[in-house]
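S.K.: Next up is a structure, given as C-alpha cells.
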Amino acid sequence: MPREVDVLIVGAGPAGLAAATELRRRGVGLVLVLDREPAPGGIPRHCGHSPYGLREFRRPMTGPAYAERLAEEAVAAGVEIRCGISVMSLLPGPVVEISSNAGVRRIAARRVLLATGVRETSRAGRLIGGSKPGGVMNTGALQGLVYLDGLRPFRAPLILGSELVSFSALLTCRHAGARPVGMVEPGPRPTARFPSALLPRLLGVPLWLGTELLAIEGRDRVTGAVLRGPEGERRVACDGVVVTGRFRPEATLVRSSHLALDPATGGPEVDGYGRCSDSAYFAAGNLLRPVETAGVSWSEGCRIGAAMAEALADALPPPGADRISLGGEGLAWVMPQRRGGAALGLQLRVSRAVSGRLSVRVDGREVASRLLTALPERRISLDLPAAQGPVEIVLEEGR
C-alpha cells in the first residue's frame with residue numbers, strides 16, 4: 001500500500017472507476033482506488049439483470065458483467081484498485097486514514113475523490129411498526145443473497161416502493177424463484193417513469209397505490225404485513241418484506257470531516273467542477289444526490305476525473321464564492337451548490353408534483369426562465385449562463 005499517491009479515490013463504483021480511468025488516460029501518475037467491498041464495481045455488481053452499459057459500451061449488459069468491464073478498463077489504464085479496505089477519516093492535506101487487515105495507516109494524496117454512492121432508507125428510518133422478524137431487508141441485501149450467494153431468502157415477499165430500484169427488486173425475486181404478493185406505494189402514482197410500472201402487471205404482481213405499510217408481523221420469520229389504503233386497513237400474508245428506495249447519500253465520512261455538507265441533498269457541497277469546500281477534495285456520483293443511474297454516474301465520473309486532471313495541472317479557475325439558492329416550496333434541492341467556472345449545468349429535484357414557472361436570477365436579475373411540470377425523483381436539468389453574482393432559482397407555481 002503506497003503512503004503517497006497523486007489521486008486517491010474512495011469508492012470503486014461506476015463514478016469512481018470512470019474517474020480513475022479518465023485520470024490515467026490524461027497522464028496522471030499514481031491513481032489508487034479503495035473500496036470496502038471484496039471486489040470493485042459498486043451496486044451493479046449485485047444486480048444480475050440488464051440493462052447496463054448502453055451509454056458506456058453501446059450494448060446491454062448484466063450488472064456483474066458491467067462492473068467487471070469497468071474494473072478491467074481501469075486496471076488496463078494503470079489504475080491500482082485495493083478492496084476490503086475501510087476509509088475511517090478525511091483530513092486536511094489531503095490525508096486519508098484507512099483500516100485493513102494490515103492495521104490502521106494514513107495515505108497522503110495531491111487530490112482525493114469521494115465516490116461512496118448511496119444507501120436505501122431502512123425500515124427504522126421509515127418508522128414502520130410491528131415486530132422484528134427475520135426476512136426484512138433492503139434491495140442491496142436481497143441482491144447480494146440472490147446473485148452473490150445463490151440463496152432464496154423467501155418465497156412470497158411484499159415489496160415496499162415503486163422507484164426503479166423497486167422494480168429491480170421485483171426482477172431479483174423472479175430470478176430467485178420467489179413470487180411477490182404485491183408492491184406497495186404510498187403515493188398516488190408510481191415513482192419510476194413509464195413504462196416501469198407495467199412490469200408488475202406483466203409478471204402478475206399487484207401494485208397497490210396510495211397504500212402505506214403500517215406494521216410487519218411475525219416472530220422468527222415474517223408472516224404478514226398490515227396495510228392501509230383507500231379501502232382502509234387490511235392484512236396481507238407474506239414471508240418477507242423488501243424495503244426499497246428513498247436513497248440517501250452515503251456521506252458518513254463527510255459528516256465526520258471538515259468538509260461542508262449540503263442539508264438538502266445530504267451529500268457534500270460542491271462547485272461546478274465537483275470541488276468540495278476543501279478544494280483538494282472532489283466528489284462525484286450518487287454521493288452528490290439521491291439517486292442517478294449507473295450510466296449517469298459513470299458519465300459524471302469521467303467529467304470530474306477530467307476536472308481533477310486540470311486541477312493537478314493548475315488549469316482550473318479558483319473556487320467560486322457565488323452560491324446557488326432555491327426559492328419556492330416545491331423545490332427540494334439543487335446541485336452543484338456553488339459556481340466554479342463559466343457556464344454551468346445544474347440538476348434540480350422537486351419535493352412534490354409541481355407546475356409553474358422556473359426563473360433563474362443572477363444578482364437579482366432574471367437571466368433565464370422556463371415552464372416546468374415535474375414529479376418527485378424526476379431529473380431536471382438547467383443550464384446557468386456565464387454571469388457573475390449570487391444565483392437564485394425560483395419556482396412560481398400556478399403560473
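Chains: A, B, ... in order of the C-alpha cells. Residues: from 1 per chain. Ligands: from 1, in order shown.
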If we count only C-alpha atoms and set the cut-off at 10 Å, which residues sit around region 270-273 of chain A, ignoring sequence neighbours fewer than 5 positions away in its own chain? Please answer as number ranges by chain.
M.R.: A: 259-262, 278-279, 281-284, 288, 303-308, 311, 316-317, 319-324, 335-346
S.K.: Taking only region 51-136 of chain A into account, list the residues labelled alpha helix (DSSP H) by DSSP (computed from the backbone), as a PyMOL selection string.
M.R.: chain A and resi 54-57+63-76
S.K.: Would you put the residues from that selection into a file with N, CA and C atoms, as a compact mmCIF listing (two decimals), in the first residue's frame?
M.R.:
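To be explicit, this is the file written out as selection.txt:
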```txt
# COMPACT_ATOMS: atom_id res chain seq x y z
N LEU A 54 -25.27 0.56 -21.79
CA LEU A 54 -25.69 1.13 -23.07
C LEU A 54 -24.96 2.44 -23.37
N ARG A 55 -24.81 3.29 -22.36
CA ARG A 55 -24.13 4.57 -22.54
C ARG A 55 -22.62 4.38 -22.70
N GLU A 56 -22.06 3.46 -21.92
CA GLU A 56 -20.62 3.32 -21.86
C GLU A 56 -20.05 2.40 -22.93
N PHE A 57 -20.73 1.27 -23.18
CA PHE A 57 -20.17 0.25 -24.06
C PHE A 57 -21.06 -0.08 -25.25
N GLY A 63 -25.51 -6.45 -14.57
CA GLY A 63 -24.75 -5.66 -13.63
C GLY A 63 -23.36 -6.21 -13.35
N PRO A 64 -23.22 -7.52 -13.03
CA PRO A 64 -21.88 -8.05 -12.77
C PRO A 64 -20.93 -7.94 -13.96
N ALA A 65 -21.43 -8.18 -15.18
CA ALA A 65 -20.58 -8.06 -16.37
C ALA A 65 -20.14 -6.61 -16.56
N TYR A 66 -21.05 -5.69 -16.32
CA TYR A 66 -20.76 -4.26 -16.43
C TYR A 66 -19.71 -3.84 -15.40
N ALA A 67 -19.88 -4.28 -14.15
CA ALA A 67 -18.92 -3.94 -13.10
C ALA A 67 -17.54 -4.49 -13.42
N GLU A 68 -17.50 -5.72 -13.91
CA GLU A 68 -16.22 -6.33 -14.26
C GLU A 68 -15.54 -5.58 -15.40
N ARG A 69 -16.33 -5.16 -16.39
CA ARG A 69 -15.77 -4.42 -17.51
C ARG A 69 -15.20 -3.07 -17.07
N LEU A 70 -15.89 -2.36 -16.19
CA LEU A 70 -15.39 -1.09 -15.67
C LEU A 70 -14.05 -1.29 -14.96
N ALA A 71 -13.98 -2.32 -14.12
CA ALA A 71 -12.75 -2.59 -13.39
C ALA A 71 -11.62 -2.98 -14.33
N GLU A 72 -11.92 -3.79 -15.35
CA GLU A 72 -10.90 -4.20 -16.31
C GLU A 72 -10.33 -3.00 -17.06
N GLU A 73 -11.20 -2.07 -17.46
CA GLU A 73 -10.73 -0.89 -18.17
C GLU A 73 -9.85 -0.02 -17.28
N ALA A 74 -10.23 0.09 -16.00
CA ALA A 74 -9.43 0.88 -15.08
C ALA A 74 -8.04 0.27 -14.89
N VAL A 75 -7.99 -1.04 -14.67
CA VAL A 75 -6.71 -1.72 -14.49
C VAL A 75 -5.86 -1.61 -15.75
N ALA A 76 -6.49 -1.77 -16.92
CA ALA A 76 -5.76 -1.66 -18.18
C ALA A 76 -5.17 -0.26 -18.36
```
S.K.: Report as a list in words all protein, DNA and RNA residues lying within 12 Å of Ala368 (chain A), evaluated on only C-alpha atoms, omitting residues in the same chain fewer than 3 positions from it.
M.R.: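 The neighbour list is Arg357, Leu358, Ser359, Val360, Arg361, Val362, Gly364, Arg365, Leu371, Leu382, Asp383, Leu384, Pro385, Ala386, Ala387, Val391, Glu392, Ile393 and Val394 of chain A.
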S.K.: Go ahead and write the residues just picked, N, CA and C atoms, as a CSV table (one decimal), in the first residue's frame.
M.R.:
```
chain,number,residue,atom,x,y,z
A,357,ARG,N,-43.7,28.3,-13.2
A,357,ARG,CA,-42.6,29.0,-14.0
A,357,ARG,C,-41.3,28.9,-13.2
A,358,LEU,N,-40.3,28.4,-13.8
A,358,LEU,CA,-39.0,28.3,-13.2
A,358,LEU,C,-38.1,29.5,-13.6
A,359,SER,N,-37.7,30.3,-12.7
A,359,SER,CA,-36.9,31.5,-13.0
A,359,SER,C,-35.5,31.5,-12.5
A,360,VAL,N,-34.5,31.8,-13.3
A,360,VAL,CA,-33.1,31.8,-12.9
A,360,VAL,C,-32.7,33.3,-12.7
A,361,ARG,N,-32.3,33.7,-11.6
A,361,ARG,CA,-31.9,35.1,-11.3
A,361,ARG,C,-30.4,35.1,-10.8
A,362,VAL,N,-29.7,36.0,-11.4
A,362,VAL,CA,-28.3,36.2,-11.0
A,362,VAL,C,-28.2,37.6,-10.5
A,364,GLY,N,-30.1,39.1,-8.5
A,364,GLY,CA,-31.4,39.7,-8.5
A,364,GLY,C,-32.0,40.0,-9.9
A,365,ARG,N,-31.2,39.7,-11.0
A,365,ARG,CA,-31.7,39.9,-12.3
A,365,ARG,C,-32.0,38.6,-13.0
A,371,LEU,N,-41.2,27.1,-18.4
A,371,LEU,CA,-42.3,26.5,-17.7
A,371,LEU,C,-41.9,25.1,-17.3
A,382,LEU,N,-30.8,22.1,-16.0
A,382,LEU,CA,-30.9,23.5,-16.2
A,382,LEU,C,-29.5,24.1,-16.5
A,383,ASP,N,-29.4,24.8,-17.6
A,383,ASP,CA,-28.1,25.5,-17.9
A,383,ASP,C,-28.1,26.9,-17.3
A,384,LEU,N,-27.0,27.2,-16.6
A,384,LEU,CA,-26.8,28.5,-16.0
A,384,LEU,C,-25.9,29.3,-16.8
A,385,PRO,N,-26.3,30.5,-17.3
A,385,PRO,CA,-25.4,31.3,-18.2
A,385,PRO,C,-24.2,31.8,-17.4
A,386,ALA,N,-23.2,32.2,-18.1
A,386,ALA,CA,-21.9,32.7,-17.5
A,386,ALA,C,-22.0,34.1,-17.0
A,387,ALA,N,-22.9,34.3,-16.1
A,387,ALA,CA,-23.0,35.7,-15.4
A,387,ALA,C,-22.5,35.6,-14.0
A,391,VAL,N,-26.7,33.3,-7.3
A,391,VAL,CA,-27.8,32.7,-8.2
A,391,VAL,C,-28.9,32.3,-7.3
A,392,GLU,N,-30.1,32.6,-7.7
A,392,GLU,CA,-31.3,32.1,-7.1
A,392,GLU,C,-32.2,31.5,-8.2
A,393,ILE,N,-32.7,30.3,-7.9
A,393,ILE,CA,-33.7,29.6,-8.8
A,393,ILE,C,-35.0,29.6,-8.1
A,394,VAL,N,-36.0,30.2,-8.7
A,394,VAL,CA,-37.3,30.4,-8.1
A,394,VAL,C,-38.4,29.7,-8.9
```
S.K.: Looking at only C-alpha atoms, which of A:Ser162, A:Asn286, A:Thr211, A:Gln143 is the one that sits closest to Arg174 (chain A)?
M.R.: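 Nearest to Arg174 (chain A): A:Gln143.
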S.K.: For Gly93 (chain A), work out the shell of residues within 12 Å, counting only C-alpha atoms and skipping chain neighbours fewer than 2 positions away, then give it as a list in words.
M.R.: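 Those residues are Glu4, Leu90, Leu91, Val95, Val96, Glu97, Arg106, Ile107, Ala108, Ala109, Arg110, Arg111, Val112, His258, Asp278, Ser279, Ala280 and Tyr281 of chain A.
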S.K.: Of the candidates A:Phe247, A:Gly53, A:Gly398, A:Gln347, which one gets nearest to Ile380 (chain A) if we count only C-alpha atoms?
M.R.: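 Comparing A:Phe247, A:Gly53, A:Gly398, A:Gln347 against Ile380 (chain A), the winner is A:Gln347.
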S.K.: Find the residues near Arg349 (chain A): any atom within 8 Å, counting only C-alpha atoms, skip ones fewer than 4 places away on the same chain, and give them as JSON, numbers by chain.
M.R.: {"A": [331, 332, 333, 334, 376, 377, 378, 379, 380]}
S.K.: Write the residues of the selection above to a file with N, CA and C atoms, as a PDB file, in the first residue's frame.
M.R.:
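Listing of result_30.pdb after writing:
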```
ATOM      1  N   LEU A 331     -39.388  23.175  -4.618  1.00  0.00           N
ATOM      2  CA  LEU A 331     -38.044  22.751  -4.998  1.00  0.00           C
ATOM      3  C   LEU A 331     -37.353  22.077  -3.815  1.00  0.00           C
ATOM      4  N   ALA A 332     -36.798  20.885  -4.057  1.00  0.00           N
ATOM      5  CA  ALA A 332     -36.180  20.109  -2.979  1.00  0.00           C
ATOM      6  C   ALA A 332     -34.695  20.411  -2.841  1.00  0.00           C
ATOM      7  N   TRP A 333     -33.954  20.385  -3.951  1.00  0.00           N
ATOM      8  CA  TRP A 333     -32.517  20.637  -3.879  1.00  0.00           C
ATOM      9  C   TRP A 333     -31.958  21.003  -5.233  1.00  0.00           C
ATOM     10  N   VAL A 334     -30.764  21.568  -5.223  1.00  0.00           N
ATOM     11  CA  VAL A 334     -30.024  21.896  -6.433  1.00  0.00           C
ATOM     12  C   VAL A 334     -28.592  21.399  -6.253  1.00  0.00           C
ATOM     13  N   PRO A 376     -41.766  14.213  -8.302  1.00  0.00           N
ATOM     14  CA  PRO A 376     -40.592  13.851  -7.496  1.00  0.00           C
ATOM     15  C   PRO A 376     -39.754  12.764  -8.156  1.00  0.00           C
ATOM     16  N   GLU A 377     -38.459  12.813  -7.887  1.00  0.00           N
ATOM     17  CA  GLU A 377     -37.484  11.845  -8.385  1.00  0.00           C
ATOM     18  C   GLU A 377     -37.233  11.950  -9.888  1.00  0.00           C
ATOM     19  N   ARG A 378     -37.785  12.958 -10.558  1.00  0.00           N
ATOM     20  CA  ARG A 378     -37.502  13.151 -11.981  1.00  0.00           C
ATOM     21  C   ARG A 378     -36.324  14.102 -12.138  1.00  0.00           C
ATOM     22  N   ARG A 379     -35.393  13.739 -13.013  1.00  0.00           N
ATOM     23  CA  ARG A 379     -34.225  14.582 -13.259  1.00  0.00           C
ATOM     24  C   ARG A 379     -34.644  15.863 -13.967  1.00  0.00           C
ATOM     25  N   ILE A 380     -34.233  17.012 -13.429  1.00  0.00           N
ATOM     26  CA  ILE A 380     -34.476  18.314 -14.053  1.00  0.00           C
ATOM     27  C   ILE A 380     -33.122  18.947 -14.307  1.00  0.00           C
TER      28      ILE A 380
END
```
S.K.: Using only C-alpha atoms, which of the listed residues (A:Ala176, A:Ala294, A:Leu326, A:Ala309) sits closest to Asp149 (chain A)?
M.R.: A:Ala176
